[in-house]
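Below is query_25.txt, holding compact mmCIF, C-alpha atoms.
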```
# COMPACT_ATOMS: atom_id res chain seq x y z
CA MET A 27 -20.12 8.65 9.91
CA LYS A 28 -19.41 10.63 6.75
CA ILE A 29 -17.63 9.17 3.73
CA TYR A 30 -15.96 11.73 1.47
CA GLY A 31 -15.69 10.04 -1.90
CA ASP A 32 -16.45 10.01 -5.61
CA HIS A 33 -18.53 7.26 -7.22
CA ILE A 34 -16.18 7.11 -10.21
CA SER A 35 -13.29 6.07 -7.92
CA GLY A 36 -12.72 2.39 -7.15
CA ASN A 37 -10.86 3.34 -3.98
CA CYS A 38 -13.96 5.22 -2.75
CA LEU A 39 -16.34 2.43 -3.81
CA LYS A 40 -14.39 -0.04 -1.61
CA VAL A 41 -15.61 1.81 1.49
CA LYS A 42 -19.19 1.90 0.20
CA TYR A 43 -19.10 -1.86 -0.54
CA VAL A 44 -17.91 -2.67 2.99
CA CYS A 45 -20.51 -0.42 4.64
CA ASP A 46 -23.28 -1.92 2.52
CA LEU A 47 -22.14 -5.52 3.24
CA LEU A 48 -21.88 -4.88 7.00
CA SER A 49 -24.97 -2.60 7.21
CA ILE A 50 -22.93 0.30 8.57
CA PRO A 51 -24.90 3.55 8.15
CA TYR A 52 -23.14 6.51 6.52
CA ASP A 53 -23.66 9.84 4.81
CA TRP A 54 -21.88 9.99 1.46
CA VAL A 55 -20.34 13.39 0.68
CA GLU A 56 -19.77 13.34 -3.08
CA THR A 57 -16.36 14.92 -3.67
CA SER A 58 -15.20 15.27 -7.26
CA VAL A 59 -11.92 13.68 -8.29
CA LEU A 60 -12.00 15.36 -11.69
CA LYS A 61 -12.53 18.80 -10.15
CA GLY A 62 -9.75 18.15 -7.60
CA GLU A 63 -12.09 18.93 -4.71
CA ALA A 64 -9.92 16.97 -2.22
CA ARG A 65 -7.34 19.75 -2.64
CA SER A 66 -9.78 22.55 -1.74
CA PRO A 67 -8.96 24.44 1.49
CA GLU A 68 -12.10 23.15 3.27
CA ILE A 69 -11.56 19.48 2.43
CA SER A 70 -7.77 19.38 2.75
CA ALA A 71 -8.21 20.89 6.22
CA LEU A 72 -9.98 17.64 7.13
CA ASN A 73 -7.52 15.35 5.29
CA PRO A 74 -4.13 16.99 4.69
CA ALA A 75 -3.08 14.06 2.46
CA LYS A 76 -5.54 15.55 -0.10
CA GLN A 77 -6.62 12.08 -1.26
CA LEU A 78 -9.96 10.30 -1.47
CA PRO A 79 -11.68 8.53 0.18
CA PHE A 80 -11.61 9.47 3.85
CA ILE A 81 -14.12 9.06 6.64
CA VAL A 82 -15.11 11.38 9.47
CA LEU A 83 -16.45 9.64 12.57
CA GLU A 84 -19.24 11.14 14.70
CA ASP A 85 -16.65 12.50 17.15
CA GLY A 86 -14.73 14.22 14.33
CA ARG A 87 -11.81 11.79 14.04
CA VAL A 88 -10.61 11.36 10.45
CA LEU A 89 -9.21 8.25 8.76
CA SER A 90 -7.89 8.05 5.20
CA GLN A 91 -6.51 5.36 2.83
CA SER A 92 -9.20 3.09 1.40
CA ASN A 93 -7.64 -0.17 2.59
CA ALA A 94 -7.03 1.13 6.11
CA ILE A 95 -10.64 2.36 6.28
CA MET A 96 -11.99 -1.00 5.10
CA ARG A 97 -9.84 -2.81 7.64
CA PHE A 98 -11.06 -0.55 10.48
CA LEU A 99 -14.74 -0.88 9.56
CA SER A 100 -14.44 -4.67 9.19
CA ILE A 101 -12.91 -5.50 12.58
CA GLY A 102 -14.64 -8.56 13.99
CA SER A 103 -16.51 -9.31 10.74
CA GLY A 104 -16.08 -12.24 8.37
CA LEU A 105 -14.44 -9.92 5.82
CA ILE A 106 -11.13 -10.37 7.70
CA PRO A 107 -10.03 -14.02 8.12
CA SER A 108 -9.86 -15.13 11.76
CA ASP A 109 -6.74 -17.20 11.03
CA PRO A 110 -3.70 -14.89 11.51
CA PHE A 111 -1.81 -16.22 8.49
CA GLU A 112 -4.84 -15.89 6.21
CA ALA A 113 -5.33 -12.35 7.53
CA ALA A 114 -1.68 -11.71 6.69
CA GLN A 115 -2.25 -13.05 3.17
CA MET A 116 -5.18 -10.65 2.89
CA ASP A 117 -2.89 -7.80 3.97
CA GLN A 118 -0.28 -8.96 1.46
CA TRP A 119 -2.82 -8.56 -1.36
CA LEU A 120 -4.07 -5.22 0.04
CA PHE A 121 -0.56 -3.75 -0.10
CA TRP A 122 0.13 -5.35 -3.49
CA GLU A 123 -3.17 -3.93 -4.77
CA GLN A 124 -2.15 -0.38 -4.01
CA TYR A 125 1.45 -0.62 -5.22
CA SER A 126 1.33 -2.97 -8.19
CA PHE A 127 -2.30 -3.01 -9.34
CA GLU A 128 -4.05 0.29 -8.60
CA ALA A 129 -0.98 2.36 -9.45
CA ASN A 130 -1.11 0.92 -12.98
CA ILE A 131 -4.68 -0.21 -13.79
CA ALA A 132 -6.49 2.65 -12.04
CA VAL A 133 -4.12 5.32 -13.31
CA ILE A 134 -4.44 4.15 -16.94
CA ARG A 135 -8.24 3.86 -16.57
CA PHE A 136 -8.29 7.42 -15.18
CA HIS A 137 -6.35 8.81 -18.14
CA HIS A 138 -8.02 6.72 -20.84
CA ALA A 139 -11.65 6.48 -19.68
CA LEU A 140 -12.07 9.66 -17.67
CA LEU A 141 -9.66 12.14 -19.29
CA GLU A 142 -10.20 10.50 -22.72
CA THR A 143 -6.47 10.17 -23.46
CA PRO A 144 -5.88 7.71 -26.34
CA LEU A 145 -4.19 4.53 -25.11
CA GLU A 146 -1.16 5.10 -27.33
CA GLU A 147 -0.55 8.42 -25.53
CA CYS A 148 -0.81 6.80 -22.07
CA ASP A 149 2.21 5.66 -20.04
CA GLN A 150 3.17 2.41 -21.80
CA THR A 151 5.20 1.19 -18.81
CA LYS A 152 2.07 1.39 -16.66
CA ILE A 153 0.11 -0.55 -19.28
CA GLU A 154 2.77 -3.30 -19.27
CA LYS A 155 2.86 -3.37 -15.47
CA GLY A 156 -0.94 -3.51 -15.45
CA TYR A 157 -0.88 -6.64 -17.60
CA SER A 158 1.83 -8.16 -15.36
CA ALA A 159 -0.46 -7.54 -12.39
CA LEU A 160 -3.37 -9.20 -14.20
CA ASP A 161 -1.07 -12.15 -15.02
CA LEU A 162 -0.31 -12.65 -11.33
CA MET A 163 -4.00 -12.48 -10.38
CA GLU A 164 -4.93 -14.94 -13.13
CA LYS A 165 -2.24 -17.34 -11.91
CA HIS A 166 -3.49 -17.11 -8.32
CA LEU A 167 -7.12 -17.57 -9.38
CA SER A 168 -6.27 -20.64 -11.46
CA ALA A 169 -5.72 -22.45 -8.13
CA HIS A 170 -7.91 -20.49 -5.69
CA ARG A 171 -11.47 -19.16 -5.68
CA TRP A 172 -10.56 -16.15 -3.49
CA PHE A 173 -7.43 -14.16 -2.73
CA ALA A 174 -7.10 -15.06 0.96
CA GLY A 175 -8.76 -17.99 2.70
CA ALA A 176 -11.91 -19.76 1.58
CA LYS A 177 -14.34 -16.88 1.05
CA LEU A 178 -14.71 -13.23 0.14
CA THR A 179 -12.37 -10.96 2.13
CA LEU A 180 -11.19 -7.36 1.88
CA ALA A 181 -8.50 -8.57 -0.55
CA ASP A 182 -11.19 -9.47 -3.10
CA ILE A 183 -13.09 -6.22 -2.53
CA ALA A 184 -9.93 -4.14 -2.95
CA LEU A 185 -8.89 -5.89 -6.17
CA TYR A 186 -12.45 -5.92 -7.54
CA ALA A 187 -12.72 -2.16 -7.07
CA TYR A 188 -10.53 -1.44 -10.11
CA ALA A 189 -10.53 -4.85 -11.85
CA GLN A 190 -14.19 -4.13 -12.67
CA PHE A 191 -13.04 -1.03 -14.59
CA ALA A 192 -9.98 -2.61 -16.26
CA GLU A 193 -11.73 -2.99 -19.63
CA GLU A 194 -12.90 0.61 -19.74
CA GLY A 195 -9.23 1.43 -19.09
CA GLY A 196 -8.40 -0.44 -22.28
CA PHE A 197 -7.13 -3.67 -20.66
CA LYS A 198 -8.42 -6.70 -22.54
CA LEU A 199 -9.60 -9.49 -20.22
CA LEU A 200 -10.32 -12.11 -22.90
CA ALA A 201 -7.14 -14.01 -22.01
CA TYR A 202 -8.02 -13.93 -18.30
CA PRO A 203 -10.90 -16.39 -17.83
CA ASN A 204 -10.26 -16.92 -14.13
CA ILE A 205 -10.33 -13.19 -13.46
CA ARG A 206 -13.63 -12.90 -15.36
CA CYS A 207 -15.23 -15.71 -13.33
CA TRP A 208 -13.92 -14.22 -10.09
CA LEU A 209 -15.30 -10.77 -11.05
CA ASP A 210 -18.75 -12.37 -11.41
CA ARG A 211 -18.30 -14.20 -8.11
CA VAL A 212 -17.40 -11.00 -6.22
CA ALA A 213 -20.22 -9.06 -7.90
CA ARG A 214 -22.72 -11.71 -6.74
CA ASP A 215 -21.42 -11.54 -3.16
CA LEU A 216 -21.58 -7.75 -3.14
CA CYS A 217 -25.19 -7.79 -4.34
CA GLN A 218 -26.54 -10.62 -2.17
CA ASP A 219 -25.56 -9.47 1.29
CA MET B 20 12.03 -18.64 9.26
CA LYS B 21 13.94 -17.38 6.24
CA ILE B 22 13.90 -13.77 5.09
CA TYR B 23 14.73 -13.22 1.41
CA GLY B 24 15.98 -9.66 1.20
CA ASP B 25 18.70 -7.22 0.25
CA HIS B 26 20.36 -4.97 2.83
CA ILE B 27 20.30 -2.01 0.43
CA SER B 28 16.47 -2.13 0.36
CA GLY B 29 14.49 -0.22 2.96
CA ASN B 30 11.53 -2.54 2.40
CA CYS B 31 13.71 -5.51 3.33
CA LEU B 32 15.27 -3.73 6.31
CA LYS B 33 11.77 -3.18 7.77
CA VAL B 34 11.45 -6.94 8.35
CA LYS B 35 14.93 -7.14 9.88
CA TYR B 36 14.16 -4.24 12.25
CA VAL B 37 10.96 -5.90 13.48
CA CYS B 38 12.65 -9.28 13.99
CA ASP B 39 15.51 -7.66 15.89
CA LEU B 40 13.14 -5.58 18.08
CA LEU B 41 10.97 -8.60 18.90
CA SER B 42 13.85 -11.12 19.16
CA ILE B 43 12.41 -13.29 16.39
CA PRO B 44 15.12 -15.64 15.04
CA TYR B 45 15.64 -15.78 11.27
CA ASP B 46 18.03 -16.78 8.54
CA TRP B 47 18.68 -13.93 6.12
CA VAL B 48 19.00 -15.02 2.48
CA GLU B 49 20.75 -12.12 0.76
CA THR B 50 18.99 -11.65 -2.61
CA SER B 51 20.34 -8.93 -4.89
CA VAL B 52 17.96 -6.21 -6.06
CA LEU B 53 20.52 -4.84 -8.50
CA LYS B 54 21.06 -8.27 -10.09
CA GLY B 55 17.27 -8.85 -10.26
CA GLU B 56 17.60 -12.12 -8.35
CA ALA B 57 13.92 -12.04 -7.27
CA ARG B 58 13.05 -12.69 -10.93
CA SER B 59 15.22 -15.84 -11.17
CA PRO B 60 13.31 -19.11 -11.76
CA GLU B 61 14.25 -20.51 -8.32
CA ILE B 62 13.23 -17.45 -6.34
CA SER B 63 10.15 -16.47 -8.36
CA ALA B 64 8.91 -20.04 -7.85
CA LEU B 65 8.72 -19.18 -4.14
CA ASN B 66 7.26 -15.69 -4.62
CA PRO B 67 5.54 -15.24 -8.02
CA ALA B 68 5.15 -11.50 -7.38
CA LYS B 69 8.94 -11.33 -7.98
CA GLN B 70 9.37 -8.66 -5.31
CA LEU B 71 11.47 -8.41 -2.17
CA PRO B 72 11.28 -9.00 0.74
CA PHE B 73 9.40 -12.20 1.42
CA ILE B 74 9.53 -14.72 4.24
CA VAL B 75 9.34 -18.51 4.21
CA LEU B 76 8.02 -20.05 7.43
CA GLU B 77 9.35 -23.36 8.79
CA ASP B 78 6.38 -25.17 7.23
CA GLY B 79 7.07 -23.65 3.81
CA ARG B 80 4.32 -21.04 3.73
CA VAL B 81 5.36 -17.82 2.00
CA LEU B 82 4.36 -14.25 2.77
CA SER B 83 5.37 -11.16 0.79
CA GLN B 84 4.88 -7.38 1.00
CA SER B 85 7.06 -5.73 3.66
CA ASN B 86 4.21 -4.07 5.55
CA ALA B 87 2.08 -7.24 5.60
CA ILE B 88 5.08 -9.23 6.89
CA MET B 89 5.78 -6.67 9.63
CA ARG B 90 2.12 -6.72 10.64
CA PHE B 91 2.07 -10.54 10.81
CA LEU B 92 5.28 -10.79 12.85
CA SER B 93 4.13 -8.06 15.26
CA ILE B 94 0.76 -9.51 16.24
CA GLY B 95 0.31 -9.14 19.99
CA SER B 96 3.39 -6.92 20.39
CA GLY B 97 3.56 -3.25 21.34
CA LEU B 98 4.49 -2.35 17.75
CA ILE B 99 0.77 -2.42 16.86
CA PRO B 100 -1.41 -0.12 19.00
CA SER B 101 -3.99 -1.97 21.09
CA ASP B 102 -6.55 0.79 20.49
CA PRO B 103 -8.41 -0.07 17.24
CA PHE B 104 -8.49 3.50 15.94
CA GLU B 105 -4.77 4.02 16.61
CA ALA B 106 -4.09 0.69 14.85
CA ALA B 107 -6.17 2.01 11.93
CA GLN B 108 -4.10 5.22 11.90
CA MET B 109 -1.00 3.01 11.77
CA ASP B 110 -2.51 1.15 8.80
CA GLN B 111 -3.35 4.47 7.14
CA TRP B 112 0.33 5.48 7.28
CA LEU B 113 1.46 2.01 6.13
CA PHE B 114 -0.65 2.26 2.98
CA TRP B 115 0.32 5.90 2.45
CA GLU B 116 3.98 4.94 2.87
CA GLN B 117 3.84 2.46 0.00
CA TYR B 118 1.76 4.57 -2.38
CA SER B 119 2.86 8.16 -1.75
CA PHE B 120 6.25 7.91 -0.04
CA GLU B 121 8.15 4.77 -1.11
CA ALA B 122 6.96 5.01 -4.72
CA ASN B 123 8.67 8.41 -4.94
CA ILE B 124 11.49 8.63 -2.36
CA ALA B 125 12.72 5.02 -2.70
CA VAL B 126 12.47 5.00 -6.48
CA ILE B 127 14.47 8.23 -6.83
CA ARG B 128 17.03 6.99 -4.28
CA PHE B 129 17.34 3.75 -6.28
CA HIS B 130 18.02 5.60 -9.53
CA HIS B 131 20.23 8.35 -8.08
CA ALA B 132 22.20 6.56 -5.35
CA LEU B 133 22.32 2.98 -6.62
CA LEU B 134 22.18 3.34 -10.42
CA GLU B 135 24.09 6.66 -10.23
CA THR B 136 21.63 8.52 -12.45
CA PRO B 137 22.12 12.30 -12.13
CA LEU B 138 19.16 13.94 -10.36
CA GLU B 139 18.33 16.09 -13.39
CA GLU B 140 17.81 12.91 -15.43
CA CYS B 141 15.52 11.34 -12.79
CA ASP B 142 11.71 11.53 -12.98
CA GLN B 143 11.03 15.12 -11.87
CA THR B 144 7.40 14.35 -11.03
CA LYS B 145 8.55 11.74 -8.54
CA ILE B 146 10.97 14.25 -6.99
CA GLU B 147 8.13 16.76 -6.57
CA LYS B 148 5.83 14.10 -5.12
CA GLY B 149 8.64 13.00 -2.79
CA TYR B 150 8.90 16.53 -1.39
CA SER B 151 5.09 16.71 -1.03
CA ALA B 152 5.27 13.48 0.98
CA LEU B 153 8.03 14.93 3.18
CA ASP B 154 5.88 18.07 3.66
CA LEU B 155 2.99 15.96 4.96
CA MET B 156 5.28 14.04 7.34
CA GLU B 157 6.83 17.28 8.61
CA LYS B 158 3.37 18.72 9.24
CA HIS B 159 2.29 15.63 11.17
CA LEU B 160 5.50 15.58 13.22
CA SER B 161 5.15 19.26 14.12
CA ALA B 162 2.25 18.17 16.37
CA HIS B 163 3.07 14.51 17.17
CA ARG B 164 6.17 12.60 18.30
CA TRP B 165 5.11 9.42 16.45
CA PHE B 166 2.91 8.57 13.48
CA ALA B 167 0.23 6.58 15.33
CA GLY B 168 -0.41 6.65 19.05
CA ALA B 169 2.08 7.62 21.75
CA LYS B 170 5.09 5.46 20.89
CA LEU B 171 7.00 3.73 18.13
CA THR B 172 4.77 1.58 15.89
CA LEU B 173 5.12 -0.13 12.52
CA ALA B 174 4.13 3.18 10.90
CA ASP B 175 7.36 4.77 12.14
CA ILE B 176 9.45 1.75 11.13
CA ALA B 177 7.95 1.70 7.62
CA LEU B 178 8.50 5.42 7.06
CA TYR B 179 11.98 5.35 8.63
CA ALA B 180 13.05 2.56 6.26
CA TYR B 181 13.39 4.97 3.34
CA ALA B 182 13.37 8.35 5.11
CA GLN B 183 16.83 7.38 6.42
CA PHE B 184 18.02 7.17 2.79
CA ALA B 185 16.20 10.29 1.51
CA GLU B 186 19.37 12.42 1.53
CA GLU B 187 21.40 9.88 -0.43
CA GLY B 188 18.51 10.03 -2.91
CA GLY B 189 19.17 13.76 -3.28
CA PHE B 190 16.29 14.98 -1.08
CA LYS B 191 17.44 17.84 1.15
CA LEU B 192 16.13 17.56 4.73
CA LEU B 193 17.46 20.90 6.00
CA ALA B 194 13.95 22.41 5.86
CA TYR B 195 12.48 19.43 7.72
CA PRO B 196 13.65 19.77 11.35
CA ASN B 197 10.84 17.63 12.77
CA ILE B 198 11.64 14.78 10.38
CA ARG B 199 15.32 14.97 11.36
CA CYS B 200 14.50 14.79 15.09
CA TRP B 201 12.07 11.91 14.50
CA LEU B 202 14.71 10.02 12.45
CA ASP B 203 17.05 10.24 15.48
CA ARG B 204 14.23 9.16 17.78
CA VAL B 205 13.41 6.08 15.68
CA ALA B 206 17.11 5.19 15.27
CA ARG B 207 17.52 5.28 19.09
CA ASP B 208 14.50 3.00 19.57
CA LEU B 209 15.75 0.56 16.92
CA CYS B 210 19.17 0.34 18.62
CA GLN B 211 18.06 0.17 22.25
CA ASP B 212 15.62 -2.71 22.17
```

Once you've parsed the file, please lay out its structure as structure tokens.
Amino acid sequence: MKIYGDHISGNCLKVKYVCDLLSIPYDWVETSVLKGEARSPEISALNPAKQLPFIVLEDGRVLSQSNAIMRFLSIGSGLIPSDPFEAAQMDQWLFWEQYSFEANIAVIRFHHALLETPLEECDQTKIEKGYSALDLMEKHLSAHRWFAGAKLTLADIALYAYAQFAEEGGFKLLAYPNIRCWLDRVARDLCQD
Amino acid sequence: MKIYGDHISGNCLKVKYVCDLLSIPYDWVETSVLKGEARSPEISALNPAKQLPFIVLEDGRVLSQSNAIMRFLSIGSGLIPSDPFEAAQMDQWLFWEQYSFEANIAVIRFHHALLETPLEECDQTKIEKGYSALDLMEKHLSAHRWFAGAKLTLADIALYAYAQFAEEGGFKLLAYPNIRCWLDRVARDLCQD
């Protein structure tokens, strides 16, 4: 299997984390976000959505969307809860992550940390929405160790992917002690397995 | 089961469509998007994400995010492909729908059709991204009848939910013959079952 991705992208790192946790072998094809390589004729011929990451299976089939890829690679593993309602809660956080978290936190981090745009010139609505998203995570983590069920699932991996970069995106996590503890907890799980 | 939703919202209609197709009984609790009722103290106590739709099961458990709800209610039905890769392709479109389609098409439709904002005062970047999303759907449908596998799945229902309102959002579908045929195809399937 080939993974087309960029190591600076949380979405791409999600797929790497899952493969490493589940010992799934892969070839990583470094594809630059900053150079827009996903829009090149060669690469967009493989994935017409022109987004990263995507995977190419041995038989040539292509799958895109980080959370869909993680879900596919994790079938039958402990990264997806066996209880259907807990799996649904995991899915709830996966969709929320893309719409309400990544679309704000990752986009601001991209502009501020990678394109070096001063925070005051970034989209202030996205900064506010990013803090609202952090508020909701902090509230959840004040009563739960993980996002779905009683251990690490894809919901944690998806949210960790950009939460780990929130501070370089200018988001201050001092007022989010539960998020900081959870970040450490996920980092330990990603390293140990 | 209760569904908290608004009939003007494609995201909420997705859950209704799935329940009607699968003959799942429900009580619909009409909750106004335009009045911001999801942010009221009573309703946000149930769903702290303050978004619609969400469901409340008989035992009080709550699930939000339209695509996660559809996926949970459809377990074991023909609306999710039994082949794991086709199910993953369905998931790919579900995530793409939220990030690249709904975030543009539904948002513009909300401002133009529901808040009556003239198109020229709407976010032009979202209009451009909306047309790019329609381009990708048209390209897919030029070679496939459905978005994942050989029949209607949740991917079609999710994309139909707002594609049916694209024109009232000011998006012109004349140049998208395959999307128009597919809209008719999905509408027939939603009515027949």

(request) Enumerate as a PyMOL selection string the residues belonging to chain B that approach chain A to within 6 Å, with only C-alpha atoms taken into account. (result) chain B and resi 84+87+91+107+110-111+118

Output of the above residues as an mmCIF file, in the frame of the given file, restricted to C-alpha atoms:
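For reference, part-v7.cif as written:
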```
data_model
loop_
_atom_site.group_PDB
_atom_site.id
_atom_site.type_symbol
_atom_site.label_atom_id
_atom_site.label_comp_id
_atom_site.auth_asym_id
_atom_site.auth_seq_id
_atom_site.Cartn_x
_atom_site.Cartn_y
_atom_site.Cartn_z
ATOM 1 C CA GLN B 84 4.880 -7.380 1.000
ATOM 2 C CA ALA B 87 2.080 -7.240 5.600
ATOM 3 C CA PHE B 91 2.070 -10.540 10.810
ATOM 4 C CA ALA B 107 -6.170 2.010 11.930
ATOM 5 C CA ASP B 110 -2.510 1.150 8.800
ATOM 6 C CA GLN B 111 -3.350 4.470 7.140
ATOM 7 C CA TYR B 118 1.760 4.570 -2.380
#
```

(message) Taking all atoms listed in the file into account, name the residue in B:Ala64, B:His163, B:His131, B:Tyr181 that is nearest to Ile27 of chain B.
(response)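 Comparing B:Ala64, B:His163, B:His131, B:Tyr181 against Ile27 of chain B, the winner is B:Tyr181.
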
### Of the listed residues A:Leu209, A:Ile153, A:Leu178, A:Leu200, that which approaches Gly104 of chain A most closely, counting only C-alpha atoms
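Closest residue, counting only C-alpha atoms: A:Leu178.
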
**Prompt:** Which polymer residues have any atom within 12 Å of an atom of Glu84 of chain A, counting only C-alpha atoms, with same-chain residues fewer than 6 positions away left out, as JSON, numbers by chain?
**Reply:** {"A": [27, 28, 29, 51, 52, 53]}

Let me have the centre and edge lengths in Å, one decimal, of the box along x, y and z around every listed atom of segment 65-68 of chain B with 3 Å of margin on each side, as lines of an AutoDock Vina configuration file.
```
center_x = 6.9
center_y = -15.3
center_z = -6.1
size_x = 9.6
size_y = 13.7
size_z = 9.9
```
